[in-house]
Amino acid sequence: SAKPASVRLLDNEQFRLGQALRKECTGFGCIVEYLVKMVSACTNSFSPNKAVCATITYEGSGDEVKYQQRCIGRISSSFGGVSTGPQIGRAGYDLTFAIAYLRDFAMSYHFLAESFETFVPWSRVEEVIVRTKERIVQEHRKRFLPGNPIVSSRVTQLYDNGACVYFYFCMNYEGIAEPSRVYCQIEAAARDEILLCGGSLSHHHGVGKLRAPFMHRISSDSHRRSLLDMKKSLDPHGVFGVCNGLFAATKSEEEI
């Protein structure tokens, strides 16, 4: 197969963050990195403030990996892509492991951050990313919150008919009353925009209680009644403790 084991596309914000968290290079690696930057600057092939990064993991026999690399290389070069070697790719994956700890550390400085995801058909990926980012910025501005929000996105998993898209939203909450509530309101607005653009309610995080108010947007009345009646007949006293999704006692979208 020409498909690599993993492909992740980072937008410019995450690309620059990953670079900032990299270890300082030494020896020959520094020379290679310097030459790549010089060639890119001289040929104007990309700007550090506009470039995105795809981190790719190959698995298989030597011949299989070489075949996959040739296929990906042809596609990349046809769109002006530059292969930067494994160092930047590893930095991208290291960011995945470190981001939760960065979030906790940032809260010490009045910085609130979280991620949310969706599944999107290929025909809607770009629209979902652009409009969701714009909606978050609008909602942030509408509430007169301090500073500017950091909004980034990443395509993390690929399928034949679409992709999983992650969004990361970070905001300054210094001096803000009930910052968690404000954050949830903006995230709910982002989820509304995702659904309007054709994205799913969730890819793998699930519905739970947080997204339960949106269930009426993705299921029919008859479907909801059937599940609720089944729950009532099989577990009338709530012994199983099923309190998520359709079974959650939640507020409406307007009340979030």
# chains A, B, ... in the order shown; residues from 1 in each chain; ligands from 1
>>> residues_around(residues="A:Gln14", least_positions_apart="4", cutoff="7 Å", atoms="only C-alpha atoms", output="mmCIF file with N, CA and C atoms, in the first residue's frame")
data_model
loop_
_atom_site.group_PDB
_atom_site.id
_atom_site.type_symbol
_atom_site.label_atom_id
_atom_site.label_comp_id
_atom_site.auth_asym_id
_atom_site.auth_seq_id
_atom_site.Cartn_x
_atom_site.Cartn_y
_atom_site.Cartn_z
ATOM 1 N N LEU A 10 -0.161 19.860 10.507
ATOM 2 C CA LEU A 10 -0.187 20.932 11.483
ATOM 3 C C LEU A 10 -0.316 22.267 10.776
ATOM 4 N N GLY A 18 5.772 23.878 17.734
ATOM 5 C CA GLY A 18 6.626 22.699 17.739
ATOM 6 C C GLY A 18 8.087 23.043 17.546
ATOM 7 N N SER A 152 -5.780 27.102 16.757
ATOM 8 C CA SER A 152 -5.022 26.330 15.784
ATOM 9 C C SER A 152 -5.769 25.039 15.467
#
>>> select_by_dssp(residues="stretch 54-245 of chain A", states="strand (DSSP E)", output="number ranges by chain")
A: 54-57, 111-121, 150-159, 162-172
>>> residues_around(residues="A:Glu114", least_positions_apart="5", cutoff="8 Å", atoms="only C-alpha atoms", output="list in words")
Arg103, Tyr168, Phe169 and Cys170 of chain A
>>> write_last_selection(atoms="all heavy atoms", output="PDB file, in the first residue's frame")
ATOM      1  N   ARG A 103      -0.595  22.805  28.797  1.00  0.00           N
ATOM      2  CA  ARG A 103      -1.885  23.372  29.195  1.00  0.00           C
ATOM      3  C   ARG A 103      -1.935  23.595  30.698  1.00  0.00           C
ATOM      4  O   ARG A 103      -2.329  24.664  31.172  1.00  0.00           O
ATOM      5  CB  ARG A 103      -3.006  22.430  28.763  1.00  0.00           C
ATOM      6  CG  ARG A 103      -4.397  22.842  29.212  1.00  0.00           C
ATOM      7  CD  ARG A 103      -5.366  21.700  29.022  1.00  0.00           C
ATOM      8  NE  ARG A 103      -4.945  20.534  29.806  1.00  0.00           N
ATOM      9  CZ  ARG A 103      -5.484  19.329  29.666  1.00  0.00           C
ATOM     10  NH1 ARG A 103      -6.417  19.113  28.769  1.00  0.00           N
ATOM     11  NH2 ARG A 103      -5.064  18.326  30.417  1.00  0.00           N
ATOM     12  N   TYR A 168      -7.606  23.569  18.651  1.00  0.00           N
ATOM     13  CA  TYR A 168      -7.042  23.969  19.936  1.00  0.00           C
ATOM     14  C   TYR A 168      -7.370  25.440  20.153  1.00  0.00           C
ATOM     15  O   TYR A 168      -7.037  26.281  19.309  1.00  0.00           O
ATOM     16  CB  TYR A 168      -5.528  23.755  19.962  1.00  0.00           C
ATOM     17  CG  TYR A 168      -5.130  22.312  19.798  1.00  0.00           C
ATOM     18  CD1 TYR A 168      -5.021  21.748  18.528  1.00  0.00           C
ATOM     19  CD2 TYR A 168      -4.894  21.500  20.900  1.00  0.00           C
ATOM     20  CE1 TYR A 168      -4.683  20.418  18.361  1.00  0.00           C
ATOM     21  CE2 TYR A 168      -4.540  20.164  20.746  1.00  0.00           C
ATOM     22  CZ  TYR A 168      -4.447  19.634  19.480  1.00  0.00           C
ATOM     23  OH  TYR A 168      -4.105  18.317  19.317  1.00  0.00           O
ATOM     24  N   PHE A 169      -8.032  25.721  21.260  1.00  0.00           N
ATOM     25  CA  PHE A 169      -8.447  27.090  21.568  1.00  0.00           C
ATOM     26  C   PHE A 169      -7.857  27.486  22.913  1.00  0.00           C
ATOM     27  O   PHE A 169      -8.048  26.799  23.915  1.00  0.00           O
ATOM     28  CB  PHE A 169      -9.978  27.179  21.588  1.00  0.00           C
ATOM     29  CG  PHE A 169     -10.532  28.419  22.219  1.00  0.00           C
ATOM     30  CD1 PHE A 169      -9.983  29.672  21.951  1.00  0.00           C
ATOM     31  CD2 PHE A 169     -11.605  28.351  23.102  1.00  0.00           C
ATOM     32  CE1 PHE A 169     -10.494  30.815  22.550  1.00  0.00           C
ATOM     33  CE2 PHE A 169     -12.119  29.479  23.700  1.00  0.00           C
ATOM     34  CZ  PHE A 169     -11.563  30.722  23.425  1.00  0.00           C
ATOM     35  N   CYS A 170      -7.130  28.601  22.928  1.00  0.00           N
ATOM     36  CA  CYS A 170      -6.471  29.084  24.134  1.00  0.00           C
ATOM     37  C   CYS A 170      -6.865  30.544  24.366  1.00  0.00           C
ATOM     38  O   CYS A 170      -6.887  31.332  23.419  1.00  0.00           O
ATOM     39  CB  CYS A 170      -4.952  28.998  24.004  1.00  0.00           C
ATOM     40  SG  CYS A 170      -4.347  27.460  23.278  1.00  0.00           S
TER      41      CYS A 170
END
>>> residues_around(residues="A:Phe15", least_positions_apart="6", cutoff="12 Å", atoms="only C-alpha atoms", output="VMD selection string")
chain A and resid 8 to 9 21 to 22 47 to 55 88 to 96 152 to 154
